[in-house]
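Below is one structure, written out as structure tokens, with a few remarks after it.
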Amino acid sequence: MSRGTIRAYVLGDAQADRVVPPTGITAQLTFFVSAAMAFLAVFALALSLASGRLADRWSDELARSATLRLSAPADQKAEQTAAALRILTQTPGVARARALSAEEQAALLAPWFGADLPLEDLPVPQLVEIIEGDSGYDVAGLRLRLSAELPGAVLDDHTRWRRPLVEAANSLRRLGLIAVLLIGGATAAMITLAANAALAANAQVIEVLRLVGARDSYIAQAFVRRFTLRALSGAALGMAAGMGAVALLPEASDAGGFLTGLGFQGATWLVPLLVPVLGAVVAFAATFVAARRRLGELR
Amino acid sequence: MPLPRKESIATPADSTACKTAQGIETPPHVGQKSRVVLGAGVIELDNVGYSYGGGDLLSDISVQLAPGSFHFLTGPSGSGKTTLMKLCYGALLPTSGQVRAFDADMASLDRDQMALLRRRIGVVHQDCRFLDHLPLADNVALPLTVSGRDRGAESENLAELLAWVGLGSRTDALPPELSGGERQRAALARAVIMSPDVVLADEPTGNVDWEMSQRLLQLLVELNRMGKTVLIASHDLTLIRAAKSHVQARVLRISNRRLQLAGADL
């Protein structure tokens with residue numbers, strides 16, 4: 001496609017645009033489909049981006065923390081906790097370590113045993129939270145030292161349950177992107193159908209234009225411009241509505257968990273702006289192919 | 001005469017379609033034989049045949065339309081007049097033989113070249129073929145529009161052309177609002193607005209009364225006197241006989257799928 005042709009498509013020609021009669025139903029269909037698909041695409045993008053953030057956060061936060069579980073007789077628990085804290089403090093790569101208070105441990109068990117759990121009467125192990133430094137620590141070496149000095153200590157670096165969580169979040173991110181691609185494909189299919197309907201409805205117009213000496217590019221341009229502009233305006237409206245709806249979602253909070261984290265943050269608010277542009281590109285390509293195919297059937 | 005001057009004729013970009021002799025030539029001798037030879041033609045059909053649905057509609061048609069000549073094409077309904085006209089402006093390609101326009105083999109032209117060629121061949125269709133959503137002036141100016149010519153610069157010519165066909169006061173009317181005669185005159189105006197070398201008219205008087213058919217015929221004769229090659233397909237022998245008193249016309253008749261030169265029996 002030459003530069004002149006591209007300029008003609010972008011700038012248009014008022015006379016050429018008038019040559020093709022307005023087709024109400026296909027115009028409305030294209031506009032509605034583009035708006036609806038853009039709205040859904042914004043949500044799919046929000047889901048994908050939020051899932052990505054969640055996967056990164058879980059991966060990052062859980063990777064940087066570990067838990068030491070101390071099982072010891074009640075009279076030795078304080079002594080072994082102090083020894084464990086001393087070992088952890090001496091371990092390179094451990095940023096900080098602290099023993100959870102009885103209240104914190106009771107809060108952790110409350111979902112299963114209730115709030116009035118008499119923790120002091122139960123052989124509950126002491127939990128120590130370990131926060132890893134930037135350089136990281138030698139997990140295997142720490143385990144060896146703990147087994148030598150504190151046989152009742154078990155180091156849990158969260159690997160076992162961190163991996164499926166991160167994988168789940170990454171899967172959600174992929175699903176969001178696949179949804180965006182499917183939305184794009186469905187948009188292309190719907191616009192192709194609408195363009196074909198418009199081309200069929202205007203078969204006589206196209207034939208007359210060919211007979212009076214119109215080039216294929218001239219005829220195609222009239223249809224392609226119209227459908228592209230409809231898709232662009234529809235998608236812009238759908239994007240605006242989608243972004244408004246996403247903005248109205250609750251802010252991310254620990255209490256709300258994953259559901260309140262849906263949405264865009266910072267520069268990612270700019271990402272939905274691509275939706276109308278991509279919608280227009282899809283409409284342009286779909287209508288261009290449909291018009292060329294239809295014109296090819298005419299002499 | 002309000003038609004655009006010669007220098008405003010659109011010329012195709014490809015050199016193969018630009019070799020037309022522009023002057024009016026005296027029609028050469030016409031032989032009374034099945035191969036009708038009318039001179040070096042702007043449109044030439046060489047042993048053309050056309051088949052459709054397993055049957056031959058036209059067979060072994062050879063004819064050359066000389067520049068500036070005037071021809072009638074006649075024959076009974078269904079004899080293939082419209083098919084032959086379509087072959088002349090490239091809406092159909094022959095199943096055998098060759099159709100040349102301005103020395104170019106139509107079968108070898110690509111789609112853009114065919115579009116450019118059609119700007120040099122004005123066609124008046126039997127059913128006029130207007131765009132019903134556009135007013136008359138825009139319909140007549142359609143060839144200018146699609147060729148990218150500046151409508152503003154051509155507005156004076158357009159107004160003169162519409163006045164020439166007697167539609168100067170109907171410029172804003174939509175095609176469905178026009179009478180049969182007005183539609184045919186508008187179709188003729190559209191056919192000649194690009195100042196084509198050839199004007200093909202398929203039953204241009206088919207839906208109008210005798211007075212209007214005479215008016216249309218007179219317009220076509222005027223075009224021929226300006227040097228345009230004119231071919232009119234018509235089954236109306238009365239009209240053809242009347243025309244022969246105004247213009248030196250040759251009459252071609254399709255009979256049994258073949259083209260013959262009509263003689264004194266007409």
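A note on labels: chains of the structure tokens are A, B, ... as shown, every chain counts residues from 1, and ligands are counted from 1 in their shown order.
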
Counting only C-alpha atoms, chain A residues within 6 Å of chain B, as a tab-separated table (two decimals) with N, CA, C and O atoms, in the first residue's frame:
```
chain	number	residue	atom	x	y	z
A	212	VAL	N	-18.46	2.98	-14.17
A	212	VAL	CA	-18.12	4.36	-14.53
A	212	VAL	C	-16.63	4.63	-14.34
A	212	VAL	O	-16.20	5.77	-14.44
A	213	GLY	N	-15.86	3.59	-14.07
A	213	GLY	CA	-14.41	3.75	-14.06
A	213	GLY	C	-13.75	3.87	-12.71
A	213	GLY	O	-12.61	4.33	-12.62
A	214	ALA	N	-14.45	3.45	-11.65
A	214	ALA	CA	-13.82	3.52	-10.32
A	214	ALA	C	-12.83	2.37	-10.15
A	214	ALA	O	-13.12	1.23	-10.54
A	215	ARG	N	-11.68	2.69	-9.60
A	215	ARG	CA	-10.71	1.63	-9.28
A	215	ARG	C	-11.19	0.89	-8.03
A	215	ARG	O	-11.93	1.44	-7.21
A	299	ARG	N	-16.28	-8.13	-12.60
A	299	ARG	CA	-15.36	-7.86	-13.70
A	299	ARG	C	-15.00	-6.39	-13.68
A	299	ARG	O	-15.86	-5.53	-13.55
```

Contacts of Arg292 (chain A) within 7 Å, only C-alpha atoms, excl. fewer than 4 positions in-chain, as a count of residues only:
3

Name all residues at most 12 Å from Gly93 (chain A) (count only C-alpha atoms; drop same-chain ones fewer than 5 positions away) and give them as a ChimeraX atom specification.
/A:64-65,88,130-139,141-142

For the residues in that selection, give me C-alpha atoms as a PDB file, in the first residue's frame.
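File produced: out_27.pdb:
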```pdb
ATOM      1  CA  ARG A  64      11.337 -13.475  50.761  1.00  0.00           C
ATOM      2  CA  SER A  65       9.748 -14.966  53.864  1.00  0.00           C
ATOM      3  CA  LEU A  88      18.926 -16.720  62.572  1.00  0.00           C
ATOM      4  CA  ILE A 130      12.061 -15.047  58.918  1.00  0.00           C
ATOM      5  CA  ILE A 131      12.449 -12.189  56.431  1.00  0.00           C
ATOM      6  CA  GLU A 132      15.076 -12.715  53.820  1.00  0.00           C
ATOM      7  CA  GLY A 133      17.544  -9.996  52.874  1.00  0.00           C
ATOM      8  CA  ASP A 134      18.260  -8.920  49.307  1.00  0.00           C
ATOM      9  CA  SER A 135      21.189 -11.311  48.991  1.00  0.00           C
ATOM     10  CA  GLY A 136      19.176 -14.307  50.211  1.00  0.00           C
ATOM     11  CA  TYR A 137      20.381 -16.984  52.615  1.00  0.00           C
ATOM     12  CA  ASP A 138      21.600 -20.541  52.309  1.00  0.00           C
ATOM     13  CA  VAL A 139      18.471 -22.577  53.062  1.00  0.00           C
ATOM     14  CA  GLY A 141      23.030 -24.658  55.312  1.00  0.00           C
ATOM     15  CA  LEU A 142      20.538 -23.175  57.763  1.00  0.00           C
TER      16      LEU A 142
END
```

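Across the model, the gap from CA of Leu223 (chain B) to CA of Leu161 (chain B) is 11.9 Å.
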
Mind checking which residues fall within 6 Å of His71 (chain B), counting only C-alpha atoms, ignoring those fewer than 4 positions away in the same chain, and posting them as a ChimeraX atom specification?
/B:231,249-251

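Reported to one decimal place, the separation of CA of Asn47 (chain B) from CA of Ser62 (chain B) is 4.9 Å.
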
According to DSSP computed on the backbone, where in region 55-206 of chain B is there strand (DSSP E)? Give the residues as a PyMOL selection string.
chain B and resi 55-65+70-74+96-101+104-105+121-124+198-202

Let's have the selection written as a short mmCIF file (atom, residue, chain, number, x, y, z; two decimals), in the first residue's frame, with N, CA, C and O atoms.
```cif
data_model
loop_
_atom_site.label_atom_id
_atom_site.label_comp_id
_atom_site.auth_asym_id
_atom_site.auth_seq_id
_atom_site.Cartn_x
_atom_site.Cartn_y
_atom_site.Cartn_z
N GLY B 55 -24.69 -23.06 -23.49
CA GLY B 55 -25.15 -22.73 -24.84
C GLY B 55 -24.42 -21.52 -25.39
O GLY B 55 -23.99 -20.65 -24.63
N ASP B 56 -24.28 -21.47 -26.71
CA ASP B 56 -23.62 -20.33 -27.34
C ASP B 56 -24.62 -19.18 -27.50
O ASP B 56 -25.70 -19.36 -28.09
N LEU B 57 -24.28 -18.01 -26.98
CA LEU B 57 -25.11 -16.83 -27.19
C LEU B 57 -24.65 -16.08 -28.43
O LEU B 57 -25.46 -15.55 -29.18
N LEU B 58 -23.34 -16.03 -28.60
CA LEU B 58 -22.76 -15.34 -29.76
C LEU B 58 -21.65 -16.22 -30.33
O LEU B 58 -20.93 -16.89 -29.58
N SER B 59 -21.54 -16.23 -31.66
CA SER B 59 -20.50 -17.04 -32.30
C SER B 59 -19.81 -16.26 -33.40
O SER B 59 -20.48 -15.57 -34.20
N ASP B 60 -18.51 -16.36 -33.40
CA ASP B 60 -17.72 -15.88 -34.53
C ASP B 60 -18.08 -14.45 -34.93
O ASP B 60 -18.32 -14.14 -36.10
N ILE B 61 -18.09 -13.58 -33.95
CA ILE B 61 -18.42 -12.17 -34.21
C ILE B 61 -17.14 -11.41 -34.49
O ILE B 61 -16.22 -11.41 -33.66
N SER B 62 -17.08 -10.76 -35.65
CA SER B 62 -15.92 -9.93 -35.95
C SER B 62 -16.42 -8.58 -36.44
O SER B 62 -17.20 -8.51 -37.41
N VAL B 63 -16.03 -7.55 -35.75
CA VAL B 63 -16.45 -6.21 -36.15
C VAL B 63 -15.44 -5.19 -35.65
O VAL B 63 -14.81 -5.39 -34.61
N GLN B 64 -15.26 -4.14 -36.43
CA GLN B 64 -14.38 -3.05 -36.00
C GLN B 64 -15.18 -1.76 -36.08
O GLN B 64 -15.78 -1.44 -37.11
N LEU B 65 -15.21 -1.03 -34.99
CA LEU B 65 -15.93 0.25 -34.95
C LEU B 65 -14.93 1.37 -35.18
O LEU B 65 -14.07 1.63 -34.35
N PHE B 70 -20.97 5.81 -36.62
CA PHE B 70 -22.25 5.69 -35.93
C PHE B 70 -22.86 4.35 -36.32
O PHE B 70 -23.03 4.06 -37.50
N HIS B 71 -23.18 3.54 -35.33
CA HIS B 71 -23.71 2.21 -35.63
C HIS B 71 -24.95 1.94 -34.80
O HIS B 71 -25.06 2.39 -33.66
N PHE B 72 -25.83 1.20 -35.43
CA PHE B 72 -26.94 0.62 -34.67
C PHE B 72 -26.69 -0.88 -34.58
O PHE B 72 -26.14 -1.49 -35.50
N LEU B 73 -27.09 -1.43 -33.47
CA LEU B 73 -27.04 -2.88 -33.29
C LEU B 73 -28.47 -3.33 -33.03
O LEU B 73 -29.09 -2.88 -32.06
N THR B 74 -28.97 -4.16 -33.87
CA THR B 74 -30.37 -4.56 -33.71
C THR B 74 -30.48 -6.08 -33.72
O THR B 74 -29.50 -6.79 -33.94
N SER B 96 -14.43 -17.05 -26.46
CA SER B 96 -13.47 -17.32 -27.53
C SER B 96 -13.25 -16.03 -28.31
O SER B 96 -14.08 -15.11 -28.25
N GLY B 97 -12.15 -15.93 -28.99
CA GLY B 97 -11.84 -14.73 -29.75
C GLY B 97 -11.27 -13.63 -28.85
O GLY B 97 -10.89 -13.88 -27.70
N GLN B 98 -11.20 -12.43 -29.41
CA GLN B 98 -10.53 -11.34 -28.72
C GLN B 98 -11.31 -10.03 -28.91
O GLN B 98 -11.80 -9.75 -30.00
N VAL B 99 -11.41 -9.28 -27.79
CA VAL B 99 -11.99 -7.94 -27.87
C VAL B 99 -10.88 -6.95 -27.57
O VAL B 99 -10.20 -7.06 -26.54
N ARG B 100 -10.68 -5.99 -28.48
CA ARG B 100 -9.66 -4.96 -28.26
C ARG B 100 -10.34 -3.60 -28.18
O ARG B 100 -11.27 -3.31 -28.94
N ALA B 101 -9.88 -2.81 -27.25
CA ALA B 101 -10.35 -1.43 -27.16
C ALA B 101 -9.11 -0.55 -27.16
O ALA B 101 -8.20 -0.75 -26.34
N ALA B 104 -5.87 -2.30 -27.11
CA ALA B 104 -5.53 -3.14 -25.95
C ALA B 104 -6.47 -4.33 -25.89
O ALA B 104 -7.69 -4.17 -26.01
N ASP B 105 -5.88 -5.50 -25.70
CA ASP B 105 -6.69 -6.70 -25.52
C ASP B 105 -7.33 -6.64 -24.13
O ASP B 105 -6.65 -6.60 -23.11
N ILE B 121 -14.92 5.03 -22.32
CA ILE B 121 -16.10 4.45 -22.98
C ILE B 121 -17.32 4.84 -22.14
O ILE B 121 -17.49 4.36 -21.03
N GLY B 122 -18.15 5.72 -22.69
CA GLY B 122 -19.37 6.09 -21.98
C GLY B 122 -20.48 5.11 -22.30
O GLY B 122 -20.68 4.75 -23.46
N VAL B 123 -21.16 4.66 -21.25
CA VAL B 123 -22.20 3.65 -21.46
C VAL B 123 -23.53 4.17 -20.92
O VAL B 123 -23.61 4.66 -19.80
N VAL B 124 -24.55 4.06 -21.77
CA VAL B 124 -25.92 4.35 -21.32
C VAL B 124 -26.62 3.01 -21.17
O VAL B 124 -26.83 2.30 -22.16
N VAL B 198 -15.84 6.81 -27.09
CA VAL B 198 -16.91 5.94 -27.58
C VAL B 198 -18.11 6.08 -26.65
O VAL B 198 -17.96 6.16 -25.43
N VAL B 199 -19.31 6.11 -27.24
CA VAL B 199 -20.53 6.09 -26.44
C VAL B 199 -21.33 4.86 -26.86
O VAL B 199 -21.65 4.69 -28.04
N LEU B 200 -21.60 4.00 -25.88
CA LEU B 200 -22.40 2.80 -26.12
C LEU B 200 -23.74 3.01 -25.42
O LEU B 200 -23.77 3.34 -24.23
N ALA B 201 -24.82 2.83 -26.15
CA ALA B 201 -26.15 3.04 -25.56
C ALA B 201 -26.98 1.78 -25.78
O ALA B 201 -27.21 1.38 -26.92
N ASP B 202 -27.39 1.17 -24.68
CA ASP B 202 -28.15 -0.08 -24.74
C ASP B 202 -29.64 0.24 -24.56
O ASP B 202 -30.08 0.57 -23.47
#
```

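Summary of the local environment: counting only C-alpha atoms, residues at most 12 Å from Arg162 (chain A), other than itself and those fewer than 2 positions away along its chain, are Ala55, Asp56, Arg57, Trp58, Ser59, Asp60, Glu61, Leu62, Ala63, Arg64, Ser65, Ala66, Asp156, Asp157, His158, Thr159, Arg160, Pro164, Leu165, Val166, Glu167, Ala168 and Ala169 of chain A.
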
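Nearest-residue note for Ile191 (chain A): choosing from A:Ala107, A:Leu119, A:Ala82, A:Ala280, the minimum distance belongs to A:Ala280, counting only C-alpha atoms.
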
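The gap separating CA of Ala267 (chain A) from CA of Leu181 (chain A) is 21.6 Å, in Å to one decimal.
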
Name all residues at most 7 Å from region 240-249 of chain A (count only C-alpha atoms; drop same-chain ones fewer than 5 positions away) and give them as an MDAnalysis selection string.
chainID A and resid 39 42:43 263
